[in-house]
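Enquirer: So here's coords10.cif (mmCIF, C-alpha atoms and all ligand atoms).
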```cif
data_query
#
loop_
_atom_site.group_PDB
_atom_site.id
_atom_site.type_symbol
_atom_site.label_atom_id
_atom_site.label_comp_id
_atom_site.auth_asym_id
_atom_site.auth_seq_id
_atom_site.Cartn_x
_atom_site.Cartn_y
_atom_site.Cartn_z
ATOM 1 C CA MET A 488 -16.499 62.247 163.030
ATOM 2 C CA TRP A 489 -16.409 65.987 162.550
ATOM 3 C CA ARG A 490 -19.319 66.689 160.292
ATOM 4 C CA ARG A 491 -21.712 69.439 159.581
ATOM 5 C CA VAL A 492 -25.142 68.901 161.060
ATOM 6 C CA ALA A 493 -27.934 68.379 158.540
ATOM 7 C CA SER A 494 -30.835 69.568 160.664
ATOM 8 C CA LEU A 495 -30.471 73.302 160.919
ATOM 9 C CA SER A 496 -32.640 75.744 162.757
ATOM 10 C CA SER A 497 -35.474 76.863 160.493
ATOM 11 C CA SER A 498 -35.396 80.322 162.057
ATOM 12 C CA ILE A 499 -32.076 81.077 160.365
ATOM 13 C CA SER A 500 -32.067 81.642 156.611
ATOM 14 C CA SER A 501 -30.246 79.012 154.558
ATOM 15 C CA SER A 502 -28.056 81.564 152.752
ATOM 16 C CA PHE A 503 -26.900 82.942 156.095
ATOM 17 C CA LEU A 504 -26.121 79.415 157.239
ATOM 18 C CA ALA A 505 -24.265 78.602 154.045
ATOM 19 C CA GLN A 506 -22.125 81.712 154.456
ATOM 20 C CA THR A 507 -21.551 80.977 158.111
ATOM 21 C CA ALA A 508 -20.688 77.324 157.511
ATOM 22 C CA SER A 509 -18.217 78.212 154.777
ATOM 23 C CA ARG A 510 -16.469 80.670 157.070
ATOM 24 C CA LEU A 511 -16.150 78.176 159.863
ATOM 25 C CA ASN A 512 -13.337 75.742 159.509
ATOM 26 C CA THR A 513 -13.265 72.345 161.122
ATOM 27 C CA TRP A 514 -11.158 73.454 163.983
ATOM 28 C CA GLU A 515 -13.361 76.341 164.908
ATOM 29 C CA SER A 516 -16.195 73.853 165.065
ATOM 30 C CA LEU A 517 -14.239 72.086 167.727
ATOM 31 C CA THR A 518 -12.629 74.861 169.691
ATOM 32 C CA THR A 519 -15.758 76.958 169.810
ATOM 33 C CA GLY A 520 -17.978 73.905 169.890
ATOM 34 C CA ILE A 521 -20.456 75.119 172.434
ATOM 35 C CA ALA A 522 -21.197 78.378 170.639
ATOM 36 C CA GLN A 523 -21.533 76.673 167.275
ATOM 37 C CA GLN A 524 -23.688 73.913 168.682
ATOM 38 C CA ALA A 525 -26.052 76.524 170.061
ATOM 39 C CA LYS A 526 -26.374 77.877 166.523
ATOM 40 C CA GLY A 527 -26.954 74.333 165.322
ATOM 41 C CA VAL A 528 -24.377 74.621 162.567
ATOM 42 C CA ILE A 529 -21.615 72.241 163.468
ATOM 43 C CA ALA A 530 -21.273 69.120 165.594
ATOM 44 C CA PRO A 531 -18.172 69.266 167.805
ATOM 45 C CA LYS A 532 -16.003 66.300 168.672
ATOM 46 C CA GLU A 533 -16.016 65.212 172.255
ATOM 47 C CA LYS A 534 -12.291 65.508 172.936
ATOM 48 C CA THR A 535 -9.770 68.255 172.378
ATOM 49 C CA PRO A 536 -7.575 67.287 169.442
ATOM 50 C CA PHE A 537 -3.893 66.561 169.894
ATOM 51 C CA ILE A 538 -1.715 67.231 166.880
ATOM 52 C CA THR A 539 1.817 66.011 166.271
ATOM 53 C CA PHE A 540 3.793 67.097 163.227
ATOM 54 C CA VAL A 541 6.416 64.540 162.213
ATOM 55 C CA LEU A 542 9.353 66.143 160.410
ATOM 56 C CA GLY A 543 12.724 65.026 159.063
ATOM 57 C CA GLY A 544 14.536 64.604 155.789
ATOM 58 C CA PRO A 545 13.651 61.994 153.174
ATOM 59 C CA GLY A 546 14.454 58.532 154.532
ATOM 60 C CA SER A 547 14.955 59.721 158.107
ATOM 61 C CA GLY A 548 12.438 57.103 159.305
ATOM 62 C CA LYS A 549 9.299 59.192 159.856
ATOM 63 C CA GLY A 550 6.868 56.659 158.415
ATOM 64 C CA THR A 551 8.546 53.737 160.173
ATOM 65 C CA GLN A 552 8.337 55.416 163.578
ATOM 66 C CA CYS A 553 4.768 56.614 162.962
ATOM 67 C CA ILE A 554 3.665 52.978 162.648
ATOM 68 C CA LYS A 555 5.153 52.284 166.083
ATOM 69 C CA ILE A 556 3.520 55.371 167.609
ATOM 70 C CA VAL A 557 0.153 54.287 166.200
ATOM 71 C CA GLU A 558 0.582 50.768 167.648
ATOM 72 C CA THR A 559 1.687 51.996 171.069
ATOM 73 C CA PHE A 560 -0.268 55.191 171.582
ATOM 74 C CA GLY A 561 -3.306 54.868 169.299
ATOM 75 C CA PHE A 562 -2.809 57.887 167.075
ATOM 76 C CA ALA A 563 -4.300 58.301 163.603
ATOM 77 C CA HIS A 564 -1.469 58.453 161.032
ATOM 78 C CA LEU A 565 -1.887 60.984 158.227
ATOM 79 C CA SER A 566 1.056 60.899 155.815
ATOM 80 C CA ALA A 567 1.048 63.931 153.512
ATOM 81 C CA GLY A 568 3.089 61.996 150.945
ATOM 82 C CA ASP A 569 0.651 59.050 151.027
ATOM 83 C CA LEU A 570 -2.323 61.395 150.582
ATOM 84 C CA LEU A 571 -0.636 63.029 147.583
ATOM 85 C CA ARG A 572 0.254 59.636 146.068
ATOM 86 C CA ARG A 573 -3.381 58.609 146.517
ATOM 87 C CA GLU A 574 -4.424 61.666 144.515
ATOM 88 C CA ILE A 575 -2.056 60.637 141.720
ATOM 89 C CA ALA A 576 -3.409 57.068 141.750
ATOM 90 C CA SER A 577 -7.025 58.270 141.676
ATOM 91 C CA LYS A 578 -6.262 60.362 138.571
ATOM 92 C CA SER A 579 -7.825 63.423 140.172
ATOM 93 C CA ALA A 580 -7.599 66.856 138.504
ATOM 94 C CA ASP A 581 -4.423 67.670 140.462
ATOM 95 C CA GLY A 582 -2.864 64.216 139.907
ATOM 96 C CA ALA A 583 -0.538 65.085 137.010
ATOM 97 C CA MET A 584 0.705 68.274 138.683
ATOM 98 C CA ILE A 585 1.378 66.377 141.930
ATOM 99 C CA LEU A 586 3.264 63.614 140.098
ATOM 100 C CA ASN A 587 5.521 66.106 138.300
ATOM 101 C CA THR A 588 6.187 68.012 141.511
ATOM 102 C CA ILE A 589 7.153 64.841 143.386
ATOM 103 C CA LYS A 590 9.405 63.617 140.561
ATOM 104 C CA GLU A 591 11.165 66.979 140.632
ATOM 105 C CA GLY A 592 11.659 66.746 144.395
ATOM 106 C CA LYS A 593 9.661 69.938 144.896
ATOM 107 C CA ILE A 594 6.771 70.779 147.220
ATOM 108 C CA VAL A 595 3.131 70.637 146.129
ATOM 109 C CA PRO A 596 1.159 73.897 146.642
ATOM 110 C CA SER A 597 0.025 74.080 150.256
ATOM 111 C CA GLN A 598 -3.646 74.578 149.485
ATOM 112 C CA VAL A 599 -3.776 71.133 147.826
ATOM 113 C CA THR A 600 -2.011 69.303 150.656
ATOM 114 C CA VAL A 601 -3.836 71.054 153.490
ATOM 115 C CA LYS A 602 -7.235 70.287 151.927
ATOM 116 C CA LEU A 603 -6.323 66.582 151.769
ATOM 117 C CA ILE A 604 -5.203 66.616 155.409
ATOM 118 C CA GLN A 605 -8.331 68.493 156.450
ATOM 119 C CA LYS A 606 -10.565 65.926 154.764
ATOM 120 C CA GLU A 607 -8.820 63.046 156.545
ATOM 121 C CA MET A 608 -9.086 64.797 159.907
ATOM 122 C CA GLU A 609 -12.782 65.417 159.388
ATOM 123 C CA LEU A 610 -13.390 61.789 158.502
ATOM 124 C CA SER A 611 -11.446 60.429 161.470
ATOM 125 C CA ASP A 612 -13.050 59.374 164.722
ATOM 126 C CA ASN A 613 -9.712 59.801 166.457
ATOM 127 C CA HIS A 614 -8.685 62.997 168.215
ATOM 128 C CA LYS A 615 -4.932 62.225 168.223
ATOM 129 C CA PHE A 616 -3.212 62.902 164.906
ATOM 130 C CA LEU A 617 0.278 62.224 163.601
ATOM 131 C CA ILE A 618 0.757 64.426 160.566
ATOM 132 C CA ASP A 619 3.753 62.901 158.814
ATOM 133 C CA GLY A 620 5.882 64.882 156.349
ATOM 134 C CA PHE A 621 4.080 68.135 156.974
ATOM 135 C CA PRO A 622 4.679 71.103 157.169
ATOM 136 C CA ARG A 623 7.672 71.001 154.820
ATOM 137 C CA THR A 624 7.758 74.747 154.152
ATOM 138 C CA GLU A 625 6.809 77.946 155.919
ATOM 139 C CA GLU A 626 4.013 78.242 153.351
ATOM 140 C CA ASN A 627 2.743 74.767 154.410
ATOM 141 C CA ARG A 628 2.853 75.804 158.055
ATOM 142 C CA VAL A 629 1.000 79.089 157.606
ATOM 143 C CA SER A 630 -1.556 77.504 155.296
ATOM 144 C CA PHE A 631 -2.371 74.821 157.908
ATOM 145 C CA GLU A 632 -2.807 77.478 160.581
ATOM 146 C CA GLN A 633 -5.081 79.504 158.312
ATOM 147 C CA ILE A 634 -7.233 76.658 156.998
ATOM 148 C CA ILE A 635 -7.364 74.329 160.010
ATOM 149 C CA GLY A 636 -6.951 77.104 162.556
ATOM 150 C CA VAL A 637 -4.679 75.434 165.106
ATOM 151 C CA GLU A 638 -1.083 74.828 166.004
ATOM 152 C CA PRO A 639 0.524 71.473 166.778
ATOM 153 C CA ASN A 640 0.964 70.308 170.356
ATOM 154 C CA VAL A 641 4.188 68.431 169.582
ATOM 155 C CA VAL A 642 6.678 68.528 166.703
ATOM 156 C CA LEU A 643 9.029 65.585 166.231
ATOM 157 C CA PHE A 644 12.200 66.005 164.212
ATOM 158 C CA PHE A 645 14.027 62.888 163.051
ATOM 159 C CA ASP A 646 17.582 64.124 162.707
ATOM 160 C CA CYS A 647 19.544 61.844 160.405
ATOM 161 C CA PRO A 648 22.859 62.246 158.517
ATOM 162 C CA GLU A 649 22.395 62.794 154.762
ATOM 163 C CA GLU A 650 24.516 59.779 153.850
ATOM 164 C CA GLU A 651 22.263 57.492 155.873
ATOM 165 C CA MET A 652 19.095 59.056 154.420
ATOM 166 C CA VAL A 653 20.335 58.527 150.853
ATOM 167 C CA LYS A 654 21.232 54.900 151.610
ATOM 168 C CA ARG A 655 17.811 54.207 153.107
ATOM 169 C CA VAL A 656 15.849 55.877 150.309
ATOM 170 C CA LEU A 657 17.766 54.010 147.617
ATOM 171 C CA ASN A 658 17.006 50.734 149.445
ATOM 172 C CA ARG A 659 13.358 51.585 150.181
ATOM 173 C CA ASN A 660 12.020 49.384 147.395
ATOM 174 C CA GLU A 661 8.444 50.686 147.411
ATOM 175 C CA GLY A 662 8.459 51.539 143.704
ATOM 176 C CA ARG A 663 8.291 55.282 144.386
ATOM 177 C CA VAL A 664 9.029 57.628 141.472
ATOM 178 C CA ASP A 665 11.157 59.815 143.758
ATOM 179 C CA ASP A 666 13.389 57.082 145.189
ATOM 180 C CA ASN A 667 16.312 57.657 142.820
ATOM 181 C CA LEU A 668 19.613 59.481 143.288
ATOM 182 C CA GLU A 669 18.695 62.456 141.100
ATOM 183 C CA THR A 670 15.444 63.215 142.949
ATOM 184 C CA ILE A 671 16.858 62.542 146.397
ATOM 185 C CA LYS A 672 19.632 65.092 145.811
ATOM 186 C CA LYS A 673 17.030 67.710 144.907
ATOM 187 C CA ARG A 674 14.920 66.721 147.910
ATOM 188 C CA LEU A 675 17.870 67.183 150.267
ATOM 189 C CA THR A 676 18.464 70.688 148.903
ATOM 190 C CA VAL A 677 14.773 71.526 149.345
ATOM 191 C CA PHE A 678 14.886 70.113 152.874
ATOM 192 C CA GLN A 679 17.826 72.335 153.834
ATOM 193 C CA ALA A 680 16.389 75.462 152.241
ATOM 194 C CA LEU A 681 12.667 75.178 153.004
ATOM 195 C CA SER A 682 12.073 72.620 155.763
ATOM 196 C CA LEU A 683 14.834 73.522 158.227
ATOM 197 C CA PRO A 684 13.325 77.000 158.794
ATOM 198 C CA VAL A 685 10.071 75.314 159.884
ATOM 199 C CA ILE A 686 12.005 73.089 162.284
ATOM 200 C CA ASN A 687 13.794 76.152 163.690
ATOM 201 C CA TYR A 688 10.461 77.932 164.081
ATOM 202 C CA TYR A 689 9.098 75.165 166.302
ATOM 203 C CA SER A 690 12.361 74.935 168.202
ATOM 204 C CA GLU A 691 12.013 78.612 169.109
ATOM 205 C CA LYS A 692 8.415 77.968 170.187
ATOM 206 C CA GLY A 693 9.613 75.201 172.534
ATOM 207 C CA LYS A 694 7.562 72.542 170.747
ATOM 208 C CA LEU A 695 10.381 70.640 169.050
ATOM 209 C CA TYR A 696 11.542 67.186 170.137
ATOM 210 C CA THR A 697 14.680 66.125 168.273
ATOM 211 C CA ILE A 698 15.285 62.416 167.832
ATOM 212 C CA LYS A 699 18.718 61.092 166.835
ATOM 213 C CA ALA A 700 17.498 58.958 163.954
ATOM 214 C CA ILE A 701 20.377 56.507 163.710
ATOM 215 C CA GLY A 702 20.461 53.014 165.174
ATOM 216 C CA THR A 703 17.868 50.282 164.931
ATOM 217 C CA GLU A 704 14.173 51.088 164.572
ATOM 218 C CA ASP A 705 13.605 49.894 168.154
ATOM 219 C CA GLU A 706 16.461 51.983 169.537
ATOM 220 C CA ILE A 707 15.013 55.057 167.873
ATOM 221 C CA PHE A 708 11.553 54.305 169.196
ATOM 222 C CA GLU A 709 12.961 54.253 172.743
ATOM 223 C CA GLN A 710 13.687 57.979 172.261
ATOM 224 C CA VAL A 711 10.168 58.562 170.926
ATOM 225 C CA ARG A 712 8.235 56.588 173.536
ATOM 226 C CA PRO A 713 8.831 58.855 176.580
ATOM 227 C CA ILE A 714 7.657 61.926 174.655
ATOM 228 C CA PHE A 715 4.184 60.458 174.149
ATOM 229 C CA ALA A 716 4.153 58.653 177.505
ATOM 230 C CA ALA A 717 4.514 62.067 179.165
ATOM 231 C CA PHE A 718 1.422 63.346 177.368
ATOM 232 C CA GLU A 719 -0.695 60.206 177.763
ATOM 233 C CA GLN A 720 -2.557 61.290 180.895
ATOM 234 C CA THR A 721 -3.614 64.626 179.463
ATOM 235 C CA VAL A 722 -4.325 63.491 175.897
ATOM 236 C CA GLY A 723 -6.423 60.414 176.667
HETATM 237 N N1 LIG A 801 16.430 52.854 161.921
HETATM 238 C C1 LIG A 801 16.477 52.422 160.666
HETATM 239 N N2 LIG A 801 17.584 51.804 160.212
HETATM 240 C C2 LIG A 801 17.667 51.375 158.936
HETATM 241 N N3 LIG A 801 16.681 51.503 158.029
HETATM 242 C C3 LIG A 801 15.549 52.117 158.434
HETATM 243 C C4 LIG A 801 15.395 52.614 159.757
HETATM 244 N N4 LIG A 801 14.163 53.172 159.858
HETATM 245 C C5 LIG A 801 13.586 53.058 158.656
HETATM 246 N N5 LIG A 801 14.398 52.406 157.802
HETATM 247 C C6 LIG A 801 14.146 52.104 156.393
HETATM 248 O O1 LIG A 801 14.530 53.261 155.642
HETATM 249 C C7 LIG A 801 13.600 53.520 154.611
HETATM 250 C C8 LIG A 801 13.006 54.910 154.819
HETATM 251 O O2 LIG A 801 12.191 54.883 155.994
HETATM 252 P P1 LIG A 801 10.817 55.678 156.044
HETATM 253 O O3 LIG A 801 10.160 55.335 157.324
HETATM 254 O O4 LIG A 801 10.059 55.442 154.787
HETATM 255 O O5 LIG A 801 11.383 57.184 156.103
HETATM 256 P P2 LIG A 801 10.683 58.557 155.755
HETATM 257 O O6 LIG A 801 9.205 58.373 155.914
HETATM 258 O O7 LIG A 801 11.266 59.531 156.720
HETATM 259 O O8 LIG A 801 11.096 58.848 154.356
HETATM 260 C C9 LIG A 801 12.575 52.391 154.644
HETATM 261 O O9 LIG A 801 12.937 51.394 153.708
HETATM 262 C C10 LIG A 801 12.678 51.863 156.073
HETATM 263 O O10 LIG A 801 12.365 50.490 156.152
HETATM 264 N N1 LIG A 802 3.956 68.496 152.811
HETATM 265 C C1 LIG A 802 4.295 67.800 151.732
HETATM 266 C C2 LIG A 802 4.636 66.428 151.844
HETATM 267 C C3 LIG A 802 5.023 65.749 150.714
HETATM 268 N N2 LIG A 802 5.072 66.378 149.530
HETATM 269 C C4 LIG A 802 5.539 65.710 148.304
HETATM 270 C C5 LIG A 802 6.974 66.132 148.016
HETATM 271 C C6 LIG A 802 7.750 65.039 148.690
HETATM 272 O O1 LIG A 802 9.059 64.966 148.159
HETATM 273 C C7 LIG A 802 6.885 63.832 148.366
HETATM 274 C C8 LIG A 802 7.055 62.608 149.205
HETATM 275 O O2 LIG A 802 6.769 62.934 150.553
HETATM 276 P P1 LIG A 802 6.895 61.827 151.696
HETATM 277 O O3 LIG A 802 6.591 62.447 153.010
HETATM 278 O O4 LIG A 802 6.100 60.630 151.321
HETATM 279 O O5 LIG A 802 8.445 61.504 151.585
HETATM 280 P P2 LIG A 802 9.422 60.779 152.615
HETATM 281 O O6 LIG A 802 8.616 59.797 153.371
HETATM 282 O O7 LIG A 802 10.041 61.846 153.468
HETATM 283 O O8 LIG A 802 10.467 60.162 151.725
HETATM 284 O O9 LIG A 802 5.549 64.314 148.458
HETATM 285 C C9 LIG A 802 4.736 67.733 149.426
HETATM 286 O O10 LIG A 802 4.791 68.300 148.347
HETATM 287 N N3 LIG A 802 4.332 68.410 150.531
HETATM 288 MG MG MG A 803 7.605 58.753 154.671
#
```
Mind turning this structure into structure tokens?
Expert:
Amino acid sequence: MWRRVASLSSSISSSFLAQTASRLNTWESLTTGIAQQAKGVIAPKEKTPFITFVLGGPGSGKGTQCIKIVETFGFAHLSAGDLLRREIASKSADGAMILNTIKEGKIVPSQVTVKLIQKEMELSDNHKFLIDGFPRTEENRVSFEQIIGVEPNVVLFFDCPEEEMVKRVLNRNEGRVDDNLETIKKRLTVFQALSLPVINYYSEKGKLYTIKAIGTEDEIFEQVRPIFAAFEQTVG
């Protein structure tokens, strides 16, 4: 668990420590672990984190394939959509705004989503993360880099024809407020306009793995498996 250490050096004033701790984000605590540990501010995790962003249009099969990756490769699955739906269900201060945004097929302000992801990462004992449905915009991407302070190791893109995505979403049957034709049409427009640039960004960085997301779930997973198998030795 990435947590701030309670016992702090008495030789350093508490206001200085409070300022320092607030400036340090979780990732810095990890990547500069030794330096921070010497200051006694933050406890680092033992292993270097491995981050996978899982991208694709609505209904492209991201969540379905994430379950298989978790089972086979032991990642922690953080679904941005699930975290936002949990906020709605918990009737938090942002709940109503999030609900309206999702119904409209729009994207929740990045600050809100990144904070939820950050909290989950801090609470996790795992060092391998699948971040599903994020980043969906350039603003999401930049906000993650600024707040968490790292870039992904791998970006998966589930490339699926629109017709198939619409069919799947309308058959999803999970009682979601956004699984209707009106919202899905808006979501597809948002995907084209705001999410494709993020996918192109990672393609140019050489981090993108494109999966042809048609066929059975098992057939699709056979395209996913070798990507993670190749990293298994180094990731642990
Ligand atoms: N390869 C597939 N073929 C047909 N249906 C699928 C396939 N993969 C997932 N589904 C179904 O399509 C719907 C959307 O899948 P989901 O994993 O929720 O996609 P996403 O998270 O990308 O929106 C779900 O009902 C799921 O069971
Ligand atoms: N990064 C994100 C992820 C999801 N959301 C909101 C807007 C999305 O339409 C909904 C649902 O996202 P989710 O990833 O669960 O959707 P799909 O699994 O792709 O159908 O949540 C967001 O605002 N920002
Ligand atoms: Mg999903």
Enquirer: Check which residues fall inside 7 Å of ligand LIG 801 (chain A) when counting all atoms listed in the file, and print them as a PyMOL selection string.
Expert: chain A and resi 543-552+655-656+658-660+700-704+707
Enquirer: Here's a test: counting only C-alpha atoms, identify every protein, DNA and RNA residue with an atom at most 12 Å from (1.8, 75.0, 158.8) in the file's coordinate frame, and state them as a ChimeraX atom specification.
Expert: /A:538-542,597-598,600-601,604,618,620-639,642,682,684-686,688-689
Enquirer: Could you write those residues out with C-alpha atoms, as a PDB file, in the coordinates of the input?
Expert:
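Below you can see part09.pdb, which holds the result:
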```
ATOM      1  CA  ILE A 538      -1.715  67.231 166.880  1.00  0.00           C
ATOM      2  CA  THR A 539       1.817  66.011 166.271  1.00  0.00           C
ATOM      3  CA  PHE A 540       3.793  67.097 163.227  1.00  0.00           C
ATOM      4  CA  VAL A 541       6.416  64.540 162.213  1.00  0.00           C
ATOM      5  CA  LEU A 542       9.353  66.143 160.410  1.00  0.00           C
ATOM      6  CA  SER A 597       0.025  74.080 150.256  1.00  0.00           C
ATOM      7  CA  GLN A 598      -3.646  74.578 149.485  1.00  0.00           C
ATOM      8  CA  THR A 600      -2.011  69.303 150.656  1.00  0.00           C
ATOM      9  CA  VAL A 601      -3.836  71.054 153.490  1.00  0.00           C
ATOM     10  CA  ILE A 604      -5.203  66.616 155.409  1.00  0.00           C
ATOM     11  CA  ILE A 618       0.757  64.426 160.566  1.00  0.00           C
ATOM     12  CA  GLY A 620       5.882  64.882 156.349  1.00  0.00           C
ATOM     13  CA  PHE A 621       4.080  68.135 156.974  1.00  0.00           C
ATOM     14  CA  PRO A 622       4.679  71.103 157.169  1.00  0.00           C
ATOM     15  CA  ARG A 623       7.672  71.001 154.820  1.00  0.00           C
ATOM     16  CA  THR A 624       7.758  74.747 154.152  1.00  0.00           C
ATOM     17  CA  GLU A 625       6.809  77.946 155.919  1.00  0.00           C
ATOM     18  CA  GLU A 626       4.013  78.242 153.351  1.00  0.00           C
ATOM     19  CA  ASN A 627       2.743  74.767 154.410  1.00  0.00           C
ATOM     20  CA  ARG A 628       2.853  75.804 158.055  1.00  0.00           C
ATOM     21  CA  VAL A 629       1.000  79.089 157.606  1.00  0.00           C
ATOM     22  CA  SER A 630      -1.556  77.504 155.296  1.00  0.00           C
ATOM     23  CA  PHE A 631      -2.371  74.821 157.908  1.00  0.00           C
ATOM     24  CA  GLU A 632      -2.807  77.478 160.581  1.00  0.00           C
ATOM     25  CA  GLN A 633      -5.081  79.504 158.312  1.00  0.00           C
ATOM     26  CA  ILE A 634      -7.233  76.658 156.998  1.00  0.00           C
ATOM     27  CA  ILE A 635      -7.364  74.329 160.010  1.00  0.00           C
ATOM     28  CA  GLY A 636      -6.951  77.104 162.556  1.00  0.00           C
ATOM     29  CA  VAL A 637      -4.679  75.434 165.106  1.00  0.00           C
ATOM     30  CA  GLU A 638      -1.083  74.828 166.004  1.00  0.00           C
ATOM     31  CA  PRO A 639       0.524  71.473 166.778  1.00  0.00           C
ATOM     32  CA  VAL A 642       6.678  68.528 166.703  1.00  0.00           C
ATOM     33  CA  SER A 682      12.073  72.620 155.763  1.00  0.00           C
ATOM     34  CA  PRO A 684      13.325  77.000 158.794  1.00  0.00           C
ATOM     35  CA  VAL A 685      10.071  75.314 159.884  1.00  0.00           C
ATOM     36  CA  ILE A 686      12.005  73.089 162.284  1.00  0.00           C
ATOM     37  CA  TYR A 688      10.461  77.932 164.081  1.00  0.00           C
ATOM     38  CA  TYR A 689       9.098  75.165 166.302  1.00  0.00           C
TER      39      TYR A 689
END
```
Enquirer: Would you translate the PyMOL selection byres (((chain A and resi 588) around 12) and not hetatm) into the concrete set of residues it matches in this file, as a count of residues only?
Expert: 24
Enquirer: Taking into account all atoms listed in the file, which residue in the set A:Asp612, A:Asp569, A:Asp646, A:Glu558 is nearest to Ile698 of chain A?
Expert: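 Closest residue, counting all atoms listed in the file: A:Asp646.
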Enquirer: Go ahead and compute the interatomic distance for atom C6 of ligand LIG 802 (chain A) and atom CA of Leu681 of chain A, in Å to one decimal.
Expert: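 Between atom C6 of ligand LIG 802 (chain A) and atom CA of Leu681 of chain A the gap works out to 12.1 Å.
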Enquirer: Restricting the calculation to all atoms listed in the file: of A:Val722, A:Ala680, A:Leu565, A:Leu643, which residue gets closest to ligand MG 803 (chain A)?
Expert: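 So, comparing all the options, the nearest one is A:Leu565.
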Enquirer: For the atom pair atom O1 of ligand LIG 802 (chain A) and atom CA of Met652 of chain A, what is the interatomic distance in Å to one decimal place?
Expert: 13.2 Å
Enquirer: Which one of A:Ala563, A:Ile714, A:Leu570, A:Val641 sits closest to ligand MG 803 (chain A) if you count all atoms listed in the file?
Expert: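 Using all atoms listed in the file, ligand MG 803 (chain A) sits closest to A:Leu570.
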Enquirer: Give me, as a list in words, all polymer residues having an atom no more than 7 Å from His614 of chain A, counting all atoms listed in the file and skipping those fewer than 6 positions away in the same chain.
Expert: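 What passes the distance filter is Lys534, Thr535, Pro536 and Phe537 of chain A.
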Enquirer: To one decimal in Å, tell me the separation between atom CA of Asn687 of chain A and atom CA of Lys606 of chain A.
Expert: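 Rounded to one decimal, the two atoms are 27.9 Å apart.
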Enquirer: Extract, using all atoms listed in the file, all DNA, RNA and protein residues at most 10 Å from Gly561 of chain A, discarding same-chain residues fewer than 2 positions from it, and format them as an MDAnalysis selection string.
Expert: chainID A and resid 554:559 563:564 613:617 723
Enquirer: Would you save the residues of that selection, restricted to C-alpha atoms, as a PDB file, keeping the file's coordinate frame?
Expert:
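And here's out15.pdb as it stands now:
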```
ATOM      1  CA  ILE A 554       3.665  52.978 162.648  1.00  0.00           C
ATOM      2  CA  LYS A 555       5.153  52.284 166.083  1.00  0.00           C
ATOM      3  CA  ILE A 556       3.520  55.371 167.609  1.00  0.00           C
ATOM      4  CA  VAL A 557       0.153  54.287 166.200  1.00  0.00           C
ATOM      5  CA  GLU A 558       0.582  50.768 167.648  1.00  0.00           C
ATOM      6  CA  THR A 559       1.687  51.996 171.069  1.00  0.00           C
ATOM      7  CA  ALA A 563      -4.300  58.301 163.603  1.00  0.00           C
ATOM      8  CA  HIS A 564      -1.469  58.453 161.032  1.00  0.00           C
ATOM      9  CA  ASN A 613      -9.712  59.801 166.457  1.00  0.00           C
ATOM     10  CA  HIS A 614      -8.685  62.997 168.215  1.00  0.00           C
ATOM     11  CA  LYS A 615      -4.932  62.225 168.223  1.00  0.00           C
ATOM     12  CA  PHE A 616      -3.212  62.902 164.906  1.00  0.00           C
ATOM     13  CA  LEU A 617       0.278  62.224 163.601  1.00  0.00           C
ATOM     14  CA  GLY A 723      -6.423  60.414 176.667  1.00  0.00           C
TER      15      GLY A 723
END
```
Enquirer: For ligand LIG 802 (chain A), what centre and edge lengths in Å (one decimal) does the axis-aligned box get once 3 Å is added on each side of all its listed atoms, as lines of an AutoDock Vina configuration file?
Expert:
```
center_x = 7.2
center_y = 64.1
center_z = 150.7
size_x = 12.5
size_y = 14.7
size_z = 11.5
```
Enquirer: From the list A:Gln710, A:Thr676, A:Thr697, A:Ser690, which residue is nearest ligand LIG 802 (chain A) when using all atoms listed in the file?
Expert: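 Residue with the minimum atom-to-atom distance to ligand LIG 802 (chain A): A:Thr676.
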Enquirer: Looking at only C-alpha atoms, which of A:Phe562, A:Asp619, A:Val711, A:Glu574 is the one that sits closest to Lys602 of chain A?
Expert: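 That would be A:Glu574, the residue with the smallest distance to Lys602 of chain A.
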Enquirer: For ligand LIG 802 (chain A), which residue among A:Phe715, A:Phe560, A:Phe644, A:Tyr696 is the nearest when counting all atoms listed in the file?
Expert: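 Of the candidates, the smallest distance to ligand LIG 802 (chain A) is held by A:Phe644.
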